[in-house]
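Visitor: One file: data_25.txt (compact mmCIF, C-alpha atoms).
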# COMPACT_ATOMS: atom_id res chain seq x y z
CA MET A 1104 148.78 148.96 68.71
CA ASP A 1105 145.16 149.63 67.83
CA HIS A 1106 143.83 146.46 69.58
CA GLY A 1107 140.64 146.53 67.49
CA ARG A 1108 139.45 150.00 68.47
CA LEU A 1109 138.94 151.19 64.88
CA ARG A 1110 136.98 148.06 64.03
CA ALA A 1111 134.82 148.54 67.13
CA ARG A 1112 134.09 152.17 66.23
CA LEU A 1113 132.92 151.20 62.78
CA ALA A 1114 130.89 148.26 64.07
CA ALA A 1115 129.10 150.73 66.36
CA GLY A 1116 128.16 152.84 63.33
CA GLU A 1117 130.58 155.69 64.02
CA VAL A 1118 131.68 157.82 61.09
CA THR A 1119 135.45 157.93 60.63
CA LEU A 1120 137.56 160.15 58.37
CA GLY A 1121 141.04 159.41 57.13
CA THR A 1122 143.41 159.97 54.26
CA PHE A 1123 145.61 157.90 51.98
CA VAL A 1124 149.38 158.02 52.49
CA GLY A 1125 151.40 157.30 49.38
CA THR A 1126 154.46 159.56 49.33
CA ALA A 1127 156.68 157.13 51.25
CA SER A 1128 157.49 159.93 53.68
CA PRO A 1129 157.24 159.24 57.42
CA VAL A 1130 157.16 162.98 58.08
CA THR A 1131 154.17 163.43 55.79
CA ALA A 1132 152.44 160.52 57.51
CA GLU A 1133 153.09 162.18 60.86
CA VAL A 1134 151.65 165.46 59.60
CA CYS A 1135 148.46 163.65 58.53
CA ALA A 1136 148.17 161.96 61.93
CA ALA A 1137 148.86 165.20 63.78
CA ALA A 1138 146.15 166.95 61.72
CA GLY A 1139 143.52 164.77 63.38
CA ALA A 1140 142.74 161.94 60.96
CA ASP A 1141 140.85 159.01 62.48
CA TRP A 1142 143.01 156.62 60.47
CA LEU A 1143 145.73 156.56 57.83
CA LEU A 1144 145.58 154.30 54.80
CA LEU A 1145 149.10 153.35 53.77
CA ASP A 1146 148.82 152.64 50.05
CA LEU A 1147 151.20 149.94 48.80
CA GLU A 1148 149.22 149.38 45.60
CA HIS A 1149 149.77 152.81 44.05
CA GLY A 1150 152.00 154.56 46.58
CA ALA A 1151 155.67 155.40 46.16
CA GLY A 1152 156.94 153.07 48.89
CA GLY A 1153 156.87 149.42 49.84
CA GLU A 1154 156.30 147.32 52.93
CA GLU A 1155 159.20 149.03 54.69
CA GLN A 1156 156.97 152.11 54.98
CA ALA A 1157 154.75 150.25 57.45
CA ARG A 1158 157.77 149.95 59.73
CA THR A 1159 157.83 153.73 60.16
CA THR A 1160 154.24 154.80 59.47
CA VAL A 1161 152.55 152.52 62.01
CA PRO A 1162 154.43 153.72 65.13
CA ILE A 1163 154.52 157.36 64.01
CA ALA A 1164 150.74 157.46 63.54
CA ALA A 1165 150.22 155.46 66.74
CA ALA A 1166 152.08 158.15 68.69
CA TYR A 1167 149.07 160.37 67.91
CA GLY A 1168 146.57 157.61 68.66
CA VAL A 1169 145.91 157.08 64.95
CA PRO A 1170 145.73 153.52 63.55
CA THR A 1171 147.19 152.58 60.17
CA VAL A 1172 145.32 150.41 57.68
CA VAL A 1173 147.42 149.07 54.80
CA ARG A 1174 146.28 148.58 51.23
CA VAL A 1175 148.48 145.65 50.23
CA GLU A 1176 150.11 145.38 46.84
CA SER A 1177 148.53 141.98 46.28
CA ALA A 1178 146.36 139.47 48.10
CA ALA A 1179 149.25 137.03 48.52
CA ARG A 1180 149.44 135.47 51.99
CA ILE A 1181 153.01 136.61 52.62
CA ARG A 1182 152.27 140.24 51.66
CA ILE A 1183 149.36 140.45 54.09
CA GLY A 1184 151.22 138.66 56.87
CA ARG A 1185 154.22 140.96 56.61
CA VAL A 1186 152.30 144.18 57.22
CA LEU A 1187 150.14 142.61 59.94
CA ASP A 1188 153.30 141.59 61.80
CA LEU A 1189 154.43 145.22 61.52
CA GLY A 1190 151.34 146.29 63.47
CA ALA A 1191 148.78 147.33 60.87
CA ALA A 1192 145.30 147.80 62.33
CA GLY A 1193 143.75 146.25 59.25
CA ILE A 1194 144.09 145.41 55.59
CA MET A 1195 142.48 146.90 52.48
CA LEU A 1196 142.14 144.31 49.74
CA PRO A 1197 142.07 145.58 46.14
CA ARG A 1198 141.03 143.87 42.92
CA LEU A 1199 138.92 141.01 44.28
CA ASP A 1200 135.90 140.28 42.10
CA THR A 1201 133.99 137.44 43.79
CA ALA A 1202 132.85 136.39 47.23
CA ALA A 1203 134.84 133.18 46.83
CA GLU A 1204 138.05 135.15 46.24
CA VAL A 1205 137.37 137.36 49.26
CA ARG A 1206 136.61 134.38 51.49
CA GLU A 1207 139.91 132.73 50.59
CA VAL A 1208 141.99 135.88 51.11
CA LEU A 1209 140.39 136.60 54.48
CA ARG A 1210 142.04 133.41 55.72
CA HIS A 1211 145.37 135.26 55.49
CA LEU A 1212 144.23 137.59 58.29
CA ARG A 1213 143.65 134.76 60.76
CA TYR A 1214 145.88 132.27 62.50
CA PRO A 1215 145.23 128.52 62.19
CA PRO A 1216 142.92 126.75 62.47
CA ALA A 1217 140.60 129.52 61.25
CA GLY A 1218 143.12 130.75 58.67
CA ASP A 1219 146.64 130.40 57.36
CA ARG A 1220 148.49 133.44 58.72
CA GLY A 1221 151.98 132.54 59.85
CA VAL A 1222 152.41 132.50 63.63
CA ALA A 1223 155.27 134.44 65.20
CA THR A 1224 155.57 136.56 68.31
CA TYR A 1225 158.91 138.38 67.88
CA ASN A 1226 157.33 141.23 65.92
CA ARG A 1227 155.74 144.61 66.60
CA ALA A 1228 152.19 143.23 66.52
CA CYS A 1229 153.10 141.11 69.56
CA ARG A 1230 155.27 143.79 71.18
CA PHE A 1231 158.31 141.68 70.29
CA GLY A 1232 157.19 138.78 72.43
CA LEU A 1233 156.08 140.86 75.43
CA ASP A 1234 152.33 140.76 74.68
CA ALA A 1235 151.18 137.29 75.64
CA GLY A 1236 147.60 137.95 74.56
CA ALA A 1237 148.33 139.32 71.11
CA LEU A 1238 147.61 136.06 69.31
CA ASP A 1239 144.13 135.99 70.84
CA ARG A 1240 143.17 139.42 69.46
CA GLU A 1241 143.29 138.78 65.72
CA GLY A 1242 139.51 139.31 65.62
CA GLY A 1243 140.21 143.02 66.08
CA LEU A 1244 141.82 143.36 62.66
CA LEU A 1245 139.84 145.46 60.21
CA GLY A 1246 139.00 143.83 56.88
CA VAL A 1247 138.34 146.36 54.09
CA VAL A 1248 137.29 144.96 50.73
CA GLN A 1249 137.27 147.21 47.69
CA ILE A 1250 134.35 147.17 45.31
CA GLU A 1251 135.96 148.47 42.15
CA SER A 1252 134.62 146.37 39.29
CA ALA A 1253 131.28 145.43 37.79
CA ALA A 1254 132.02 141.83 38.75
CA ALA A 1255 132.52 142.72 42.42
CA LEU A 1256 129.41 144.89 42.32
CA SER A 1257 127.36 141.96 41.07
CA GLU A 1258 128.39 139.98 44.19
CA VAL A 1259 128.47 142.83 46.68
CA GLU A 1260 125.66 141.41 48.82
CA ALA A 1261 127.45 138.05 49.11
CA ILE A 1262 130.74 139.81 49.89
CA ALA A 1263 129.10 141.94 52.58
CA ALA A 1264 127.72 138.81 54.23
CA LEU A 1265 131.15 137.29 54.82
CA ASP A 1266 132.55 137.14 58.35
CA GLY A 1267 135.74 139.19 58.36
CA VAL A 1268 134.52 141.80 55.91
CA ASP A 1269 134.09 144.95 57.98
CA VAL A 1270 134.08 147.65 55.30
CA LEU A 1271 132.98 147.77 51.67
CA PHE A 1272 135.12 150.44 50.04
CA VAL A 1273 134.46 151.92 46.62
CA GLY A 1274 137.37 152.93 44.43
CA PRO A 1275 135.61 155.66 42.42
CA ARG A 1276 138.01 155.76 39.49
CA ASP A 1277 138.31 152.00 39.10
CA LEU A 1278 134.59 151.39 39.46
CA SER A 1279 133.54 154.18 37.11
CA HIS A 1280 136.02 152.99 34.48
CA ASP A 1281 134.80 149.41 34.74
CA LEU A 1282 131.18 150.56 34.46
CA GLY A 1283 132.02 152.37 31.23
CA VAL A 1284 131.70 155.91 32.60
CA PRO A 1285 135.30 156.80 33.53
CA GLY A 1286 135.39 159.70 35.96
CA GLU A 1287 131.70 160.49 35.45
CA PHE A 1288 130.66 160.42 39.08
CA THR A 1289 127.20 161.83 38.39
CA ALA A 1290 126.38 159.17 35.79
CA PRO A 1291 123.23 157.22 36.76
CA VAL A 1292 124.94 153.83 36.46
CA TYR A 1293 127.69 154.94 38.84
CA ARG A 1294 125.34 156.54 41.34
CA GLU A 1295 123.18 153.41 41.32
CA ALA A 1296 126.29 151.33 41.99
CA LEU A 1297 127.18 153.49 45.02
CA GLU A 1298 123.70 153.08 46.42
CA ARG A 1299 123.84 149.32 45.94
CA VAL A 1300 127.12 149.14 47.87
CA ARG A 1301 125.78 151.35 50.65
CA LYS A 1302 122.61 149.27 51.00
CA ALA A 1303 124.53 145.98 50.97
CA ALA A 1304 126.75 147.22 53.78
CA ALA A 1305 123.78 148.45 55.82
CA ALA A 1306 121.87 145.19 55.33
CA HIS A 1307 124.72 143.18 56.84
CA GLY A 1308 125.79 145.61 59.55
CA LYS A 1309 129.01 146.57 57.81
CA ALA A 1310 130.61 149.96 57.22
CA CYS A 1311 130.74 151.52 53.79
CA GLY A 1312 133.52 153.73 52.53
CA LEU A 1313 134.91 155.56 49.54
CA LEU A 1314 137.52 158.06 48.52
CA VAL A 1315 136.58 161.71 47.99
CA PRO A 1316 138.70 164.73 46.99
CA ASP A 1317 137.95 167.19 49.80
CA GLY A 1318 136.09 167.96 53.01
CA ALA A 1319 132.96 169.24 51.32
CA ALA A 1320 132.58 166.00 49.39
CA ALA A 1321 133.24 164.03 52.59
CA ALA A 1322 130.48 165.94 54.41
CA ALA A 1323 128.05 165.17 51.59
CA LYS A 1324 128.86 161.44 51.69
CA ARG A 1325 128.65 161.42 55.46
CA ALA A 1326 125.11 162.81 55.19
CA GLU A 1327 124.26 159.96 52.79
CA GLY A 1328 125.35 157.35 55.34
CA TRP A 1329 128.94 156.57 54.39
CA THR A 1330 131.09 155.86 57.44
CA PHE A 1331 134.69 155.13 56.35
CA ILE A 1332 135.60 158.13 54.22
CA GLY A 1333 139.02 158.81 52.79
CA ILE A 1334 139.73 162.47 52.01
CA GLY A 1335 142.29 162.58 49.24
CA SER A 1336 145.89 161.60 49.84
CA ASP A 1337 148.96 163.24 51.28
CA ALA A 1338 150.14 164.07 47.75
CA THR A 1339 146.84 165.35 46.34
CA LEU A 1340 146.04 167.46 49.40
CA LEU A 1341 149.49 169.06 49.33
CA ALA A 1342 149.28 169.68 45.59
CA ALA A 1343 145.80 171.19 45.83
CA ALA A 1344 146.73 173.44 48.77
CA LEU A 1345 149.86 174.78 47.11
CA SER A 1346 148.14 175.20 43.75
CA ALA A 1347 145.34 177.20 45.39
CA ALA A 1348 147.83 179.36 47.32
CA LEU A 1349 149.85 180.08 44.20
CA GLY A 1350 146.69 180.94 42.32
CA GLU A 1351 145.78 183.49 44.97
CA ALA A 1352 149.27 184.98 45.06
CA ARG A 1353 149.85 185.35 41.34
CA PRO A 1354 148.23 188.16 39.35
CA GLN A 1355 145.04 187.23 37.55
CA PRO A 1356 144.64 188.07 33.84
CA GLN A 1357 142.46 191.11 34.63
CA ASP A 1358 144.95 192.30 37.25
CA SER A 1359 147.74 192.12 34.67
CA GLN A 1360 145.70 194.10 32.15
CA ASP A 1361 144.80 196.75 34.74
CA SER A 1362 148.48 197.10 35.65
CA GLN A 1363 149.44 197.45 31.99
CA ASP A 1364 146.73 200.07 31.40
CA PHE A 1365 147.91 202.00 34.46
CA GLN A 1366 151.49 202.01 33.24
CA GLU A 1367 150.40 203.20 29.78
CA THR A 1368 148.47 206.14 31.27
CA ARG A 1369 151.59 207.22 33.19
CA SER A 1370 153.85 207.15 30.14
Would you put the structure from the file into C-alpha cells?
Guide:
Amino acid sequence: MDHGRLRARLAAGEVTLGTFVGTASPVTAEVCAAAGADWLLLDLEHGAGGEEQARTTVPIAAAYGVPTVVRVESAARIRIGRVLDLGAAGIMLPRLDTAAEVREVLRHLRYPPAGDRGVATYNRACRFGLDAGALDREGGLLGVVQIESAAALSEVEAIAALDGVDVLFVGPRDLSHDLGVPGEFTAPVYREALERVRKAAAAHGKACGLLVPDGAAAAAKRAEGWTFIGIGSDATLLAAALSAALGEARPQPQDSQDSQDFQETRS
C-alpha cells in the first residue's frame, strides 16, 4: 500500500505526473505504471469499468511502486469506502460545488469519531487483518477535489482551506463549459479561473492539478506551478500514438500525386 507517500510528496511541494486509466484493462494499467507514472488515476466516473477494476489496478500498479487514486462514480459514503478498502491511495471527488458539500464528503474518508467510514480490517487496505496499524494511518489518504464549475470556483478559497483537501484539480472541459467557453482554453475567463485555483492552492499549502493532453502541455503547466498533472488517459494516449504512426506510414496527398505523375510519365 502507499501508506501516505504520495500525499507526503505533494505536501512537500514535489511535482508529480500521472495519467487517467479508463479502459478497464489491468494490462493497460500495468503498462502505464511500468512507463514510469508517479500515480494512476482510476476513473470510475467516465471510465469503462466499475469498482471491480480497483481490485486489479491497485496491486498491479503497486508492483511498480505506483499508487492508485480513484475518481469515484459518486460521493456516496459506500462508494468511497469500497475503493478505500481495496487499497486506493486517495480519492478524487467530482461534481462538488460548495465548501459545505466537500466538508461533508470528506467525512467518508475518515473513521469515527472524525468521520463515518465503515471500519473493517479483513480487506486489502489492512492487509487482510495482518496490518495492526492500518486503522491509524487514514491521515495518509489523498483527498483530491475537482474544481469544475463556476459555483466551485466561487468557493475555491474556502474549499482549499478545508482539512483533508490535499489537491485542487481542474477538469478543463467541465470548467470551460460551465464558464460558457467550452473547450476554449485560451479564453481570458478560463485562464483567470486557472490562476485563481492555483493561487488558492498555494495560499493554503495545497497542491494544484489539472488534466493536459501531452507532455509538452504538462511541462508548460509544471513551469506555471502546477504539481499534480494528469497527462491524458490510457485510451487517448494510445489513440494519439497510433493515429500519428498511421499518419506517418500512409502516403500524403502530395506523395500520391507524385506517384501518379511518375506512373503517367512511364506509360
Visitor: Just checking: using only C-alpha atoms, which residue out of A:Val1173, A:Ala1347, A:Leu1340, A:Leu1245 ends up closest to Val1134 (chain A)?
Guide: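 Distance minimum relative to Val1134 (chain A) lands on A:Leu1340.
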Visitor: If you count all atoms listed in the file, which residues fall within 9 Å of Cys1135 (chain A), apart from same-chain ones fewer than 3 positions away, as an MDAnalysis selection string?
Guide: chainID A and resid 1121:1122 1124 1130:1132 1138:1140 1143 1164 1337
Visitor: Compile the contact shell of Val1161 (chain A) as a list in words: residues with an atom at most 8 Å away, counting only C-alpha atoms, same-chain residues fewer than 4 positions apart removed.
Guide: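 Everything that qualifies: Ala1157, Ala1165, Pro1170, Thr1171, Leu1189, Gly1190 and Ala1191 of chain A.
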Visitor: For Asp1219 (chain A), which residue out of A:Gly1150, A:Gly1232, A:Gly1184, A:Gly1242 is the nearest one, using only C-alpha atoms?
Guide: A:Gly1184
Visitor: When you draw a straight line from CA of Val1259 (chain A) to CA of Pro1197 (chain A), how long is it in Å?
Guide: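 Separating CA of Val1259 (chain A) from CA of Pro1197 (chain A) is a distance of 13.9 Å.
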Visitor: What lies within 9 Å of Glu1251 (chain A) using only C-alpha atoms, ignoring chain neighbours under 4 positions off, as a PyMOL selection string?
Guide: chain A and resi 1197-1200+1255-1256+1272-1281
Visitor: Using all atoms listed in the file, which residue out of A:Leu1238, A:Ala1310, A:Leu1349, A:Ala1303 lies closest to Thr1119 (chain A)?
Guide: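 Closest residue, counting all atoms listed in the file: A:Ala1310.
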Visitor: Please identify all polymer residues within 10 Å of Ala1305 (chain A), counting all atoms listed in the file, omitting same-chain residues fewer than 4 positions from it, and present them as a list in words.
Guide: Gly1116, Ala1263, Arg1299, Val1300, Arg1301, Lys1309, Ala1310, Cys1311, Gly1328 and Trp1329 of chain A
Visitor: If I take CA of Glu1133 (chain A) and CA of Leu1145 (chain A), how far is one from the other in Å, to one decimal?
Guide: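 Between these atoms lies a distance of 12.0 Å.
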Visitor: Could you name the residues that touch Met1195 (chain A) at 10 Å or less, counting only C-alpha atoms, but leaving out those on the same chain fewer than 5 positions away, as an MDAnalysis selection string?
Guide: chainID A and resid 1144:1148 1172:1178 1183 1245:1249 1270:1272
